[in-house]
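Contents: one structure, followed by commentary.
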Amino acid sequence: MSTPPATAKPTTTPTPSSFRSILRLYEYVRPYRWRILGGMGAAMGASLVALVIPYVLEWLVDGPLSSGDRAQVLPAGLAILVLGVFEAVFIASRRRLVLKPSTQIEASMRNALYNKLQDLPVAFHDRWQSGQLLSRSVSDLSLIRRWLAFGIVLLIVNIVTIIVGFVILFTWGWLLGAIFLLASVPIWINGLLFERRYSVVARRSQDQVGDLATSVEQSVHGIRVLKAFGRGHTKLDEFAEQAEALRGTEIQKAKAIAGIWMWLLLAPDVAFALCLLAGIWMASQHQITVGALFAFFSTATVLRFPIESIGFLLSMTFDTRTAVDRYFEVMDSKNTIQDPANPKTIVEPHGALAFNAVHFRYQDAGAEYPDLIDGLDLRLRPGETMALVGLTGCGKTTLLSLVPRLYDVTGGSVTIDGVDIRDLTRAELRRHVGVAFEDATLFSTSVRENVLLGRPDVSGAEAETLLREALDIAQASFVDDLPDGVDTRVGEEGLSLSGGQRQRLALARAIAARPNVLVLDDPLSALDVDTEARVEEGLRRVLAETTSLIVAHRPSTVNLADRVALMENGRITAVGTHSELMATNDHYRYVISSLDEDQDDVDQREEAMA
Ligand SMILES: Nc1ncnc2c1ncn2[C@@H]1O[C@H](COP(=O)(O)OP(=O)(O)OP(=O)(O)O)[C@@H](O)[C@H]1O
Ligand SMILES: [Mg+2]
């Protein structure tokens with residue numbers, strides 16, 4: 001994945017106390033809402049049972065215990081035991097009810113995200129760092145799952161418990177209740193202040209985790225280069241710097257949490273102490289019974305956990321809100337490359353590829369690039385093989401990527417058999433167009449699956465024939481010497497192949513797709529001259545029926561072509577056979593003579609000419 005410019009990294013800071021984004025989770029929660037509500041009901045039941053126990057205690061203390069009626073003590077004890085069992089059963093059912101849907105929701109959100117990432121155009125992936133996408137699809141989603149599994153449930157239940165609990169406290173003794181309530185006020189105030197501070201650092205921390213993931217991904221990807229240049233330690237320093245920044249943010253987060261925890265732990269203790277003093281005085285004045293005082297403190301004890309856990313649950317909720325924001329940032333990204341409303345089809349495909357006054361420029365979130373392709377016209381006849389030649393960086397790869405609609409033109413049109421490719425569904429377009437790019441990407445799967453990637457429609461003997469043929473043309477018989485033949489796993493987790501081997505498999509993949517239009521970006525650059533000649537021989541057979549546009553960096557590749565197109569300043573400035581152009585075109589001769597040389601030489605010569 002390419003490294004995006006720093007400006008492109010999405011770092012929107014959410015406006016504090018907007019919870020609308022979290023509500024958007026509902027579309028995923030909907031199928032499981034009854035189970036989650038059931039879980040919430042169970043949690044509520046557990047809390048209510050816990051709040052009933054003090055009533056039994058009051059009755060026990062003021063009744064049988066003070067009158068000395070031992071016969072009543074046992075039933076009262078049993079009643080408390082039964083209530084305790086009920087509470088345990090409720091808690092267990094909450095877990096059972098909520099755990100499964102939360103994992104299912106996580107899975108469906110992750111699938112939706114993956115789907116979206118596959119659907120989004122290349123331009124999106126140019127802009128976004130892979131690590132950001134990785135952290136969103138892994139850590140953010142698991143945070144959301146945990147929040148759904150108990151965060152939201154306990155938050156709501158605890159708030160209700162606190163409200164009901166305070167009402168009960170007031171019935172035991174309004175003065176004591178008032179003291180307890182007043183002592184809790186600092187908690188609520190701090191909770192509000194906490195939200196402000198916390199949501200900003202939470203977002204920063206989650207973004208930094210994404211950056212860190214990007215660093216690891218890039219270093220692992222580029223491990224050979226780093227090692228070869230002995231730059232591992234610089235990368236390490238960079239990584240350490242990022243890790244340090246993340247650590248700083250985490251410490252800020254922990255400080256914010258510690259700040260609220262202090263109040264959460266201190267306030268109830270202070271409240272308990274004040275109530276105890278007041279309660280003992282009131283009991284001595286006979287304003288409250290010992291049983292009621294006892295019940296008051298049991299109720300207050302029940303409320304301790306909900307009050308203490310509110311801070312943790314709040315911070316979790318803010319983290320989750322950030323995670324949801326980050327998730328929907330990706331999900332809301334617009335895919336500009338869409339299927340048309342009224343798709344056309346190519347009834348009789350001949351493969352006449354044409355570029356009509358095509359304009360194209362790369363677009364980024366912040367930056368505006370000039371037109372790289374600037375009113376380019378080019379027509380390929382059906383069945384023709386055309387080589388595309390131009391100086392490095394003139395936009396050849398870019399031009400090819402317009403054909404499978406990896407990018408859309410910003411002006412003009414690309415047509416196949418007279419039909420604008422934007423009027424075809426993407427599925428149909430991909431049936432007509434086969435591609436192989438410079439960097440031959442293979443997936444961590446068998447040779448067979450890599451080559452037949454574009455042909456999910458064939459199977460069995462037909463697939464086997466197709467596979468053999470494609471491998472044969474691409475001169476990829478080396479696969480038979482691999483440990484498991486065409487079933488050998490290649491790519492990142494499998495056997496490493498050489499550059500030329502990879503290229504030949506990528507070429508076989510393009511051929512196996514049996515397209516009418518084949519676009520090849522310098523497909524033979526890593527091959528030796530002999531192998532190249534044999535591949536060309538094979539290609540000539542296929543290319544006879546296929547229209548192909550081939551970027552050529554070597555004169556030998558140019559030889560493949562019926563005609564050659566010369567690209568210069570975003571346009572095609574000349575089309576003709578190799579010998580025609582050699583005879584008539586200065587720039588062509590210059591490009592051809594530079595093709596075999598090092599870029600340095602070309603640069604030097606350009607300087608000399610200037
Ligand atoms: N995703 C992108 N975003 C912005 N600019 C890009 C992007 N990809 C390529 N470019 C720029 O577009 C120009 C043309 O690139 P392109 O890869 O099409 O050249 P090329 O003709 O294929 O070169 P080469 O012969 O070296 O393969 C370059 O200046 C490059 O920096
Ligand atoms: Mg290129």
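Chains: A, B, ... in order of the structure tokens. Residues: from 1 per chain. Ligands: from 1, in order shown.
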
Could you give me, as a short mmCIF file (atom, residue, chain, number, x, y, z; two decimals) with all heavy atoms, in the first residue's frame, every polymer residue with an atom at most 10 Å away from an atom of ligand 1, counting only C-alpha atoms and all ligand atoms?
data_model
loop_
_atom_site.label_atom_id
_atom_site.label_comp_id
_atom_site.auth_asym_id
_atom_site.auth_seq_id
_atom_site.Cartn_x
_atom_site.Cartn_y
_atom_site.Cartn_z
N MET A 1 0.84 -1.21 0.00
CA MET A 1 0.00 0.00 0.00
C MET A 1 0.86 1.24 0.00
O MET A 1 1.89 1.30 0.66
CB MET A 1 -0.87 -0.05 1.25
CG MET A 1 -1.86 1.09 1.28
SD MET A 1 -3.21 0.72 2.37
CE MET A 1 -4.03 -0.60 1.53
N SER A 2 0.45 2.22 -0.75
CA SER A 2 1.28 3.40 -0.86
C SER A 2 1.20 4.25 0.39
O SER A 2 0.24 4.20 1.14
CB SER A 2 0.81 4.22 -2.07
OG SER A 2 -0.53 4.60 -1.86
N THR A 3 2.24 5.03 0.60
CA THR A 3 2.25 5.91 1.77
C THR A 3 1.51 7.19 1.43
O THR A 3 1.87 7.88 0.49
CB THR A 3 3.69 6.27 2.15
OG1 THR A 3 4.47 5.08 2.04
CG2 THR A 3 3.78 6.81 3.55
N PRO A 4 0.47 7.50 2.17
CA PRO A 4 -0.29 8.69 1.82
C PRO A 4 0.37 9.93 2.38
O PRO A 4 1.15 9.85 3.33
CB PRO A 4 -1.62 8.46 2.53
CG PRO A 4 -1.28 7.59 3.69
CD PRO A 4 -0.05 6.82 3.33
N PRO A 5 0.11 11.08 1.80
CA PRO A 5 0.64 12.30 2.37
C PRO A 5 0.05 12.54 3.76
O PRO A 5 -1.05 12.08 4.05
CB PRO A 5 0.19 13.37 1.38
CG PRO A 5 -0.91 12.77 0.59
CD PRO A 5 -0.68 11.30 0.60
N VAL A 122 -9.57 2.42 -5.57
CA VAL A 122 -8.14 2.50 -5.28
C VAL A 122 -7.77 3.87 -4.72
O VAL A 122 -6.91 3.97 -3.84
CB VAL A 122 -7.34 2.23 -6.58
CG1 VAL A 122 -5.86 2.36 -6.34
CG2 VAL A 122 -7.67 0.85 -7.10
N ALA A 123 -8.47 4.90 -5.18
CA ALA A 123 -8.16 6.25 -4.70
C ALA A 123 -8.32 6.33 -3.18
O ALA A 123 -7.56 7.01 -2.50
CB ALA A 123 -9.06 7.27 -5.38
N PHE A 124 -9.31 5.62 -2.62
CA PHE A 124 -9.50 5.59 -1.17
C PHE A 124 -8.29 4.95 -0.50
O PHE A 124 -7.75 5.47 0.47
CB PHE A 124 -10.77 4.81 -0.83
CG PHE A 124 -10.93 4.52 0.64
CD1 PHE A 124 -11.57 5.43 1.45
CD2 PHE A 124 -10.44 3.35 1.18
CE1 PHE A 124 -11.72 5.17 2.81
CE2 PHE A 124 -10.57 3.08 2.54
CZ PHE A 124 -11.22 4.00 3.35
N HIS A 125 -7.85 3.83 -1.06
CA HIS A 125 -6.72 3.11 -0.45
C HIS A 125 -5.41 3.87 -0.63
O HIS A 125 -4.49 3.71 0.17
CB HIS A 125 -6.64 1.70 -1.02
CG HIS A 125 -7.79 0.84 -0.59
ND1 HIS A 125 -7.83 0.22 0.64
CD2 HIS A 125 -8.96 0.55 -1.18
CE1 HIS A 125 -8.96 -0.44 0.77
NE2 HIS A 125 -9.67 -0.25 -0.33
N ASP A 126 -5.32 4.71 -1.65
CA ASP A 126 -4.15 5.58 -1.78
C ASP A 126 -4.07 6.51 -0.58
O ASP A 126 -2.99 6.85 -0.11
CB ASP A 126 -4.26 6.47 -3.04
CG ASP A 126 -4.00 5.67 -4.31
OD1 ASP A 126 -3.49 4.54 -4.19
OD2 ASP A 126 -4.32 6.17 -5.39
N ARG A 127 -5.23 6.95 -0.12
CA ARG A 127 -5.28 7.97 0.93
C ARG A 127 -5.14 7.39 2.32
O ARG A 127 -4.59 8.02 3.20
CB ARG A 127 -6.62 8.70 0.85
CG ARG A 127 -6.66 9.87 -0.07
CD ARG A 127 -7.76 10.83 0.33
NE ARG A 127 -9.06 10.21 0.48
CZ ARG A 127 -9.89 9.98 -0.53
NH1 ARG A 127 -9.53 10.29 -1.75
NH2 ARG A 127 -11.06 9.43 -0.32
N ARG A 361 -6.49 13.39 -13.51
CA ARG A 361 -5.53 13.86 -12.51
C ARG A 361 -5.83 13.15 -11.20
O ARG A 361 -6.98 12.81 -10.92
CB ARG A 361 -5.61 15.38 -12.34
CG ARG A 361 -6.91 15.86 -11.77
CD ARG A 361 -6.84 17.31 -11.35
NE ARG A 361 -8.19 17.73 -10.97
CZ ARG A 361 -9.13 18.08 -11.81
NH1 ARG A 361 -8.89 18.08 -13.11
NH2 ARG A 361 -10.32 18.43 -11.38
N TYR A 362 -4.76 12.93 -10.43
CA TYR A 362 -4.93 12.32 -9.11
C TYR A 362 -5.54 13.35 -8.19
O TYR A 362 -5.23 14.53 -8.26
CB TYR A 362 -3.59 11.83 -8.56
CG TYR A 362 -3.14 10.55 -9.22
CD1 TYR A 362 -2.11 10.54 -10.15
CD2 TYR A 362 -3.77 9.35 -8.91
CE1 TYR A 362 -1.72 9.36 -10.76
CE2 TYR A 362 -3.38 8.17 -9.51
CZ TYR A 362 -2.35 8.18 -10.44
OH TYR A 362 -1.96 7.03 -11.04
N GLN A 363 -6.45 12.87 -7.33
CA GLN A 363 -7.08 13.79 -6.39
C GLN A 363 -6.85 13.29 -4.99
O GLN A 363 -6.98 12.10 -4.72
CB GLN A 363 -8.59 13.87 -6.67
CG GLN A 363 -8.90 14.76 -7.83
CD GLN A 363 -10.20 14.39 -8.49
OE1 GLN A 363 -10.54 13.23 -8.62
NE2 GLN A 363 -10.94 15.39 -8.90
N ASP A 364 -6.50 14.20 -4.11
CA ASP A 364 -6.29 13.85 -2.72
C ASP A 364 -7.17 14.74 -1.87
O ASP A 364 -7.71 15.72 -2.35
CB ASP A 364 -4.82 14.05 -2.34
CG ASP A 364 -4.14 12.71 -2.18
OD1 ASP A 364 -4.86 11.75 -1.87
OD2 ASP A 364 -2.92 12.65 -2.36
N ALA A 367 -4.57 17.94 -1.47
CA ALA A 367 -3.80 18.43 -2.60
C ALA A 367 -4.56 18.34 -3.92
O ALA A 367 -5.41 17.50 -4.11
CB ALA A 367 -2.51 17.64 -2.71
N GLU A 368 -4.28 19.26 -4.80
CA GLU A 368 -4.79 19.23 -6.18
C GLU A 368 -3.60 18.99 -7.10
O GLU A 368 -2.63 19.73 -7.08
CB GLU A 368 -5.44 20.57 -6.53
CG GLU A 368 -6.94 20.62 -6.28
CD GLU A 368 -7.73 19.74 -7.24
OE1 GLU A 368 -7.53 19.86 -8.46
OE2 GLU A 368 -8.55 18.93 -6.75
N TYR A 369 -3.67 17.95 -7.88
CA TYR A 369 -2.60 17.70 -8.84
C TYR A 369 -3.03 18.25 -10.20
O TYR A 369 -4.21 18.33 -10.49
CB TYR A 369 -2.34 16.20 -8.94
CG TYR A 369 -1.83 15.58 -7.67
CD1 TYR A 369 -2.71 14.97 -6.78
CD2 TYR A 369 -0.49 15.62 -7.34
CE1 TYR A 369 -2.25 14.39 -5.61
CE2 TYR A 369 -0.02 15.05 -6.18
CZ TYR A 369 -0.90 14.44 -5.31
OH TYR A 369 -0.45 13.88 -4.16
N PRO A 370 -2.05 18.60 -11.03
CA PRO A 370 -2.42 19.02 -12.39
C PRO A 370 -2.84 17.79 -13.21
O PRO A 370 -2.64 16.66 -12.79
CB PRO A 370 -1.11 19.60 -12.93
CG PRO A 370 -0.04 18.93 -12.15
CD PRO A 370 -0.61 18.64 -10.79
N ASP A 371 -3.43 18.04 -14.38
CA ASP A 371 -3.82 16.93 -15.24
C ASP A 371 -2.60 16.14 -15.67
O ASP A 371 -1.68 16.69 -16.28
CB ASP A 371 -4.54 17.48 -16.49
CG ASP A 371 -6.03 17.63 -16.23
OD1 ASP A 371 -6.43 17.48 -15.05
OD2 ASP A 371 -6.77 17.88 -17.18
N LEU A 372 -2.59 14.86 -15.32
CA LEU A 372 -1.48 14.01 -15.72
C LEU A 372 -1.73 13.50 -17.13
O LEU A 372 -0.82 13.39 -17.95
CB LEU A 372 -1.38 12.84 -14.73
CG LEU A 372 -0.29 11.82 -14.97
CD1 LEU A 372 1.07 12.46 -14.81
CD2 LEU A 372 -0.45 10.66 -14.00
N ILE A 373 -2.99 13.20 -17.40
CA ILE A 373 -3.38 12.83 -18.76
C ILE A 373 -4.25 13.97 -19.26
O ILE A 373 -5.24 14.34 -18.62
CB ILE A 373 -4.13 11.49 -18.76
CG1 ILE A 373 -3.17 10.40 -18.30
CG2 ILE A 373 -4.67 11.19 -20.16
CD1 ILE A 373 -3.81 9.07 -18.12
N LEU A 388 2.88 0.64 -25.56
CA LEU A 388 2.82 2.01 -25.08
C LEU A 388 4.21 2.37 -24.57
O LEU A 388 4.75 1.69 -23.69
CB LEU A 388 1.77 2.12 -23.97
CG LEU A 388 1.51 3.51 -23.41
CD1 LEU A 388 0.93 4.41 -24.49
CD2 LEU A 388 0.54 3.41 -22.23
N VAL A 389 4.76 3.42 -25.13
CA VAL A 389 6.13 3.79 -24.80
C VAL A 389 6.16 5.24 -24.36
O VAL A 389 5.44 6.08 -24.90
CB VAL A 389 7.04 3.59 -26.04
CG1 VAL A 389 8.40 4.19 -25.83
CG2 VAL A 389 7.15 2.12 -26.39
N GLY A 390 6.97 5.52 -23.36
CA GLY A 390 7.10 6.90 -22.91
C GLY A 390 8.14 6.96 -21.81
O GLY A 390 8.50 5.93 -21.24
N LEU A 391 8.61 8.15 -21.52
CA LEU A 391 9.62 8.29 -20.48
C LEU A 391 9.03 7.89 -19.13
O LEU A 391 7.81 7.93 -18.93
CB LEU A 391 10.12 9.74 -20.41
CG LEU A 391 11.01 10.17 -21.57
CD1 LEU A 391 11.39 11.63 -21.43
CD2 LEU A 391 12.26 9.30 -21.65
N THR A 392 9.91 7.53 -18.22
CA THR A 392 9.43 7.10 -16.92
C THR A 392 8.69 8.22 -16.21
O THR A 392 9.09 9.38 -16.28
CB THR A 392 10.61 6.56 -16.07
OG1 THR A 392 10.10 6.22 -14.79
CG2 THR A 392 11.69 7.59 -15.90
N GLY A 393 7.56 7.88 -15.61
CA GLY A 393 6.77 8.86 -14.89
C GLY A 393 5.83 9.66 -15.77
O GLY A 393 5.18 10.59 -15.30
N CYS A 394 5.69 9.30 -17.05
CA CYS A 394 4.84 10.10 -17.92
C CYS A 394 3.37 9.72 -17.78
O CYS A 394 2.50 10.40 -18.32
CB CYS A 394 5.29 9.99 -19.37
SG CYS A 394 4.89 8.41 -20.12
N GLY A 395 3.08 8.63 -17.08
CA GLY A 395 1.67 8.30 -16.82
C GLY A 395 1.17 7.06 -17.52
O GLY A 395 -0.04 6.88 -17.67
N LYS A 396 2.08 6.15 -17.89
CA LYS A 396 1.65 4.94 -18.61
C LYS A 396 0.84 4.02 -17.69
O LYS A 396 -0.24 3.55 -18.07
CB LYS A 396 2.88 4.19 -19.15
CG LYS A 396 3.74 5.05 -20.07
CD LYS A 396 4.93 4.29 -20.60
CE LYS A 396 5.97 3.95 -19.53
NZ LYS A 396 6.63 5.12 -18.93
N THR A 397 1.37 3.76 -16.49
CA THR A 397 0.65 2.89 -15.56
C THR A 397 -0.72 3.50 -15.24
O THR A 397 -1.73 2.81 -15.17
CB THR A 397 1.47 2.73 -14.26
OG1 THR A 397 2.73 2.18 -14.60
CG2 THR A 397 0.77 1.84 -13.27
N THR A 398 -0.72 4.82 -15.06
CA THR A 398 -1.96 5.50 -14.76
C THR A 398 -2.98 5.30 -15.88
O THR A 398 -4.15 4.99 -15.62
CB THR A 398 -1.68 7.00 -14.57
OG1 THR A 398 -0.63 7.16 -13.63
CG2 THR A 398 -2.92 7.74 -14.10
N LEU A 399 -2.52 5.42 -17.12
CA LEU A 399 -3.43 5.26 -18.25
C LEU A 399 -4.03 3.86 -18.27
O LEU A 399 -5.24 3.69 -18.46
CB LEU A 399 -2.68 5.53 -19.56
CG LEU A 399 -3.54 5.51 -20.82
CD1 LEU A 399 -4.48 6.70 -20.83
CD2 LEU A 399 -2.69 5.50 -22.08
N LEU A 400 -3.18 2.86 -18.01
CA LEU A 400 -3.69 1.49 -18.01
C LEU A 400 -4.72 1.27 -16.91
O LEU A 400 -5.70 0.56 -17.09
CB LEU A 400 -2.55 0.48 -17.81
CG LEU A 400 -1.52 0.34 -18.92
CD1 LEU A 400 -0.78 -0.98 -18.77
CD2 LEU A 400 -2.15 0.40 -20.30
N SER A 401 -4.50 1.91 -15.75
CA SER A 401 -5.41 1.64 -14.64
C SER A 401 -6.79 2.27 -14.86
O SER A 401 -7.72 2.00 -14.12
CB SER A 401 -4.80 2.12 -13.31
OG SER A 401 -4.52 3.49 -13.39
N TYR A 407 -9.37 3.76 -11.47
CA TYR A 407 -9.70 5.17 -11.32
C TYR A 407 -10.65 5.52 -12.46
O TYR A 407 -10.62 4.87 -13.51
CB TYR A 407 -8.46 6.06 -11.44
CG TYR A 407 -7.40 5.80 -10.40
CD1 TYR A 407 -6.37 4.91 -10.65
CD2 TYR A 407 -7.43 6.46 -9.18
CE1 TYR A 407 -5.39 4.67 -9.70
CE2 TYR A 407 -6.45 6.23 -8.23
CZ TYR A 407 -5.44 5.33 -8.49
OH TYR A 407 -4.47 5.11 -7.54
N PHE A 437 -0.11 -6.00 -13.61
CA PHE A 437 0.64 -4.79 -13.31
C PHE A 437 2.09 -5.10 -13.00
O PHE A 437 2.47 -6.25 -12.81
CB PHE A 437 -0.02 -4.03 -12.16
CG PHE A 437 -1.25 -3.30 -12.60
CD1 PHE A 437 -2.51 -3.74 -12.23
CD2 PHE A 437 -1.15 -2.19 -13.42
CE1 PHE A 437 -3.64 -3.08 -12.68
CE2 PHE A 437 -2.27 -1.53 -13.86
CZ PHE A 437 -3.52 -1.96 -13.48
N GLU A 438 2.87 -4.01 -12.91
CA GLU A 438 4.31 -4.16 -12.67
C GLU A 438 4.62 -4.97 -11.43
O GLU A 438 5.40 -5.90 -11.45
CB GLU A 438 4.95 -2.77 -12.51
CG GLU A 438 5.35 -2.11 -13.78
CD GLU A 438 5.62 -0.64 -13.56
OE1 GLU A 438 4.78 0.05 -12.96
OE2 GLU A 438 6.68 -0.18 -13.98
N ASP A 521 1.19 -4.15 -17.87
CA ASP A 521 2.16 -3.11 -17.52
C ASP A 521 3.53 -3.76 -17.44
O ASP A 521 3.88 -4.35 -16.43
CB ASP A 521 1.77 -2.47 -16.19
CG ASP A 521 2.50 -1.15 -15.99
OD1 ASP A 521 3.43 -0.88 -16.77
OD2 ASP A 521 2.13 -0.41 -15.07
N ASP A 522 4.27 -3.66 -18.51
CA ASP A 522 5.62 -4.18 -18.56
C ASP A 522 5.73 -5.57 -17.95
O ASP A 522 6.43 -5.77 -16.96
CB ASP A 522 6.53 -3.21 -17.79
CG ASP A 522 7.97 -3.42 -18.21
OD1 ASP A 522 8.18 -4.03 -19.27
OD2 ASP A 522 8.85 -2.98 -17.49
N VAL A 551 2.55 -1.86 -21.91
CA VAL A 551 3.60 -0.88 -21.63
C VAL A 551 4.94 -1.57 -21.83
O VAL A 551 5.16 -2.67 -21.33
CB VAL A 551 3.49 -0.36 -20.18
CG1 VAL A 551 4.71 0.47 -19.84
CG2 VAL A 551 2.24 0.45 -20.01
N ALA A 552 5.80 -0.95 -22.59
CA ALA A 552 7.08 -1.58 -22.90
C ALA A 552 8.22 -0.74 -22.38
O ALA A 552 8.27 0.47 -22.61
CB ALA A 552 7.20 -1.77 -24.40
N HIS A 553 9.11 -1.36 -21.64
CA HIS A 553 10.33 -0.69 -21.19
C HIS A 553 11.56 -1.24 -21.90
O HIS A 553 12.67 -0.81 -21.63
CB HIS A 553 10.50 -0.85 -19.68
CG HIS A 553 9.64 0.10 -18.89
ND1 HIS A 553 8.61 -0.34 -18.09
CD2 HIS A 553 9.65 1.44 -18.78
CE1 HIS A 553 8.03 0.70 -17.53
NE2 HIS A 553 8.63 1.79 -17.93
N MET A 567 3.80 8.12 -25.73
CA MET A 567 3.12 9.00 -24.78
C MET A 567 4.07 10.09 -24.33
O MET A 567 5.23 9.83 -24.00
CB MET A 567 2.64 8.19 -23.57
CG MET A 567 1.74 8.97 -22.65
SD MET A 567 0.92 7.87 -21.49
CE MET A 567 0.02 9.06 -20.51
N GLU A 568 3.57 11.33 -24.32
CA GLU A 568 4.43 12.47 -24.04
C GLU A 568 3.53 13.59 -23.52
O GLU A 568 2.51 13.91 -24.15
CB GLU A 568 5.10 12.87 -25.36
CG GLU A 568 6.24 13.83 -25.25
CD GLU A 568 6.74 14.22 -26.65
OE1 GLU A 568 6.31 13.61 -27.64
OE2 GLU A 568 7.54 15.15 -26.72
N GLY A 570 1.28 13.77 -21.30
CA GLY A 570 -0.13 13.47 -21.07
C GLY A 570 -0.93 13.21 -22.33
O GLY A 570 -2.16 13.16 -22.28
N LEU A 595 15.59 3.50 -23.05
CA LEU A 595 14.89 2.40 -22.38
C LEU A 595 15.85 1.43 -21.71
O LEU A 595 15.60 0.93 -20.63
CB LEU A 595 14.02 1.63 -23.38
CG LEU A 595 12.73 2.31 -23.82
CD1 LEU A 595 11.93 1.41 -24.74
CD2 LEU A 595 11.90 2.71 -22.62
N GLN A 599 18.42 5.11 -15.30
CA GLN A 599 17.74 6.39 -15.22
C GLN A 599 18.73 7.54 -15.07
O GLN A 599 18.53 8.62 -15.60
CB GLN A 599 16.75 6.36 -14.04
CG GLN A 599 15.87 7.57 -13.92
CD GLN A 599 15.13 7.84 -15.21
OE1 GLN A 599 14.73 6.94 -15.93
NE2 GLN A 599 14.97 9.12 -15.53
#

When you look at A:Val433 with a cut-off of 10 Å (counting only C-alpha atoms), what residues show up, excluding the ones that are within fewer than 2 positions of it in the same chain? I need them as a list in words.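 With the cut-off at 10 Å, the set is Gly351, Val403, Pro404, Arg405, Ile416, Glu428, Leu429, Arg430, Arg431, Val435, Ala510, Ala513, Arg514, Pro515, Asn516, Val517, Leu518, Val519, Thr546, Thr547 and Ser548 of chain A.
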
Who sits within 8 Å of A:His350, only C-alpha atoms, same chain under 4 positions skipped, as a list in words: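 The residues that qualify are Pro382, Gly383, Asp417 and Asn516 of chain A.
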
So that I can check the surroundings of A:Leu380, please list as a PyMOL selection string every protein, DNA and RNA residue that reaches within 7 Å of it, counting only C-alpha atoms and ignoring chain neighbours fewer than 5 positions away. chain A and resi 352-354

Residues within 9 Å of stretch 449-462 of chain A, please, as a list in words. Count only C-alpha atoms; anything in the same chain fewer than 4 positions from it doesn't count.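 Near neighbours after the sequence-gap exclusion: Arg430, Arg431, Gly434, Leu442, Phe443, Ser444, Thr445, Leu466, Leu467, Ala470, Leu471, Val486, Asp487, Val490, Leu505, Ala506, Leu507, Ala508, Arg509, Ala510, Ile511, Ala512, Ala513 and Arg514 of chain A.
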
Spatial neighbours of stretch 74-90 of chain A, max dist 8 Å, only C-alpha atoms, sep filter under 5 positions, as a PyMOL selection string: chain A and resi 42-43+45-47+49-50+53+56+60

Tell me which protein, DNA and RNA residues are within 12 Å of A:Ala341, counting only C-alpha atoms, leaving out same-chain ones fewer than 6 positions away, and put them as a PyMOL selection string. chain A and resi 422-426

Atomic distance atom CA of A:Ser315 - atom CA of A:Val330, expressed in Å with one decimal: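 One can read the atom CA of A:Ser315 to atom CA of A:Val330 distance as 23.3 Å.
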
Hey, which of A:Arg468, A:Val414, A:Ser593, A:Val419 ends up closest to A:Ile346? Count only C-alpha atoms. A:Val419

From the set A:Ser108, A:Gln475, A:Thr317, A:Gln206, which residue has the shortest atom-to-atom contact distance to A:Gln501, counting only C-alpha atoms? A:Gln475

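Candidate residues A:Gln218, A:Thr415, A:Thr299, A:Thr584 were compared for distance to A:Leu169, and the nearest is A:Thr299, using only C-alpha atoms.
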
Please, which residues of stretch 288-418 of chain A, numbered as in this document, come out strand (DSSP E) from DSSP, as an mmCIF file with C-alpha atoms, in the first residue's frame?
data_model
loop_
_atom_site.group_PDB
_atom_site.id
_atom_site.type_symbol
_atom_site.label_atom_id
_atom_site.label_comp_id
_atom_site.auth_asym_id
_atom_site.auth_seq_id
_atom_site.Cartn_x
_atom_site.Cartn_y
_atom_site.Cartn_z
ATOM 1 C CA LEU A 353 -10.496 -0.200 -27.012
ATOM 2 C CA ALA A 354 -10.541 3.572 -27.398
ATOM 3 C CA PHE A 355 -9.495 6.570 -25.315
ATOM 4 C CA ASN A 356 -11.422 9.684 -26.332
ATOM 5 C CA ALA A 357 -10.031 13.042 -25.207
ATOM 6 C CA VAL A 358 -9.233 11.494 -21.828
ATOM 7 C CA HIS A 359 -8.267 13.761 -18.956
ATOM 8 C CA PHE A 360 -7.104 12.449 -15.640
ATOM 9 C CA ILE A 373 -3.380 12.827 -18.758
ATOM 10 C CA ASP A 374 -4.372 15.824 -20.765
ATOM 11 C CA GLY A 375 -6.767 15.205 -23.635
ATOM 12 C CA LEU A 376 -5.374 11.869 -24.726
ATOM 13 C CA ASP A 377 -6.744 10.125 -27.841
ATOM 14 C CA LEU A 378 -5.906 6.559 -28.776
ATOM 15 C CA ARG A 379 -7.783 3.910 -30.751
ATOM 16 C CA THR A 385 -1.363 -5.467 -30.042
ATOM 17 C CA MET A 386 -0.175 -2.004 -29.218
ATOM 18 C CA ALA A 387 2.903 -1.102 -27.247
ATOM 19 C CA LEU A 388 2.819 2.012 -25.085
ATOM 20 C CA VAL A 389 6.128 3.788 -24.801
ATOM 21 C CA GLY A 390 7.102 6.900 -22.914
ATOM 22 C CA GLY A 411 -12.763 14.094 -18.494
ATOM 23 C CA GLY A 412 -13.452 12.370 -21.807
ATOM 24 C CA SER A 413 -14.177 8.656 -21.930
ATOM 25 C CA VAL A 414 -12.766 5.181 -22.344
ATOM 26 C CA THR A 415 -14.847 2.905 -24.571
ATOM 27 C CA ILE A 416 -14.831 -0.768 -25.476
#

Using only C-alpha atoms, the best pick from A:Gly248, A:Pro31, A:Gly291, A:Gly232 as closest to A:Gln104 would be A:Pro31

Expressed in Å to a single decimal, how great is the separation between atom CA of A:Ser215 and atom CA of A:Phe239?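 Distance between the two atoms: 6.7 Å.
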
Name the closest residue to A:Leu182 among the candidates A:Ala292, A:Val270, A:Ala228, A:Leu236; distances are taken between atoms, counting only C-alpha atoms. A:Val270

Find, counting only C-alpha atoms, the residue in A:Val200, A:Phe272, A:Ile251, A:Leu48 that gets nearest to A:Leu181.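 Result for the nearest residue to A:Leu181: A:Phe272.
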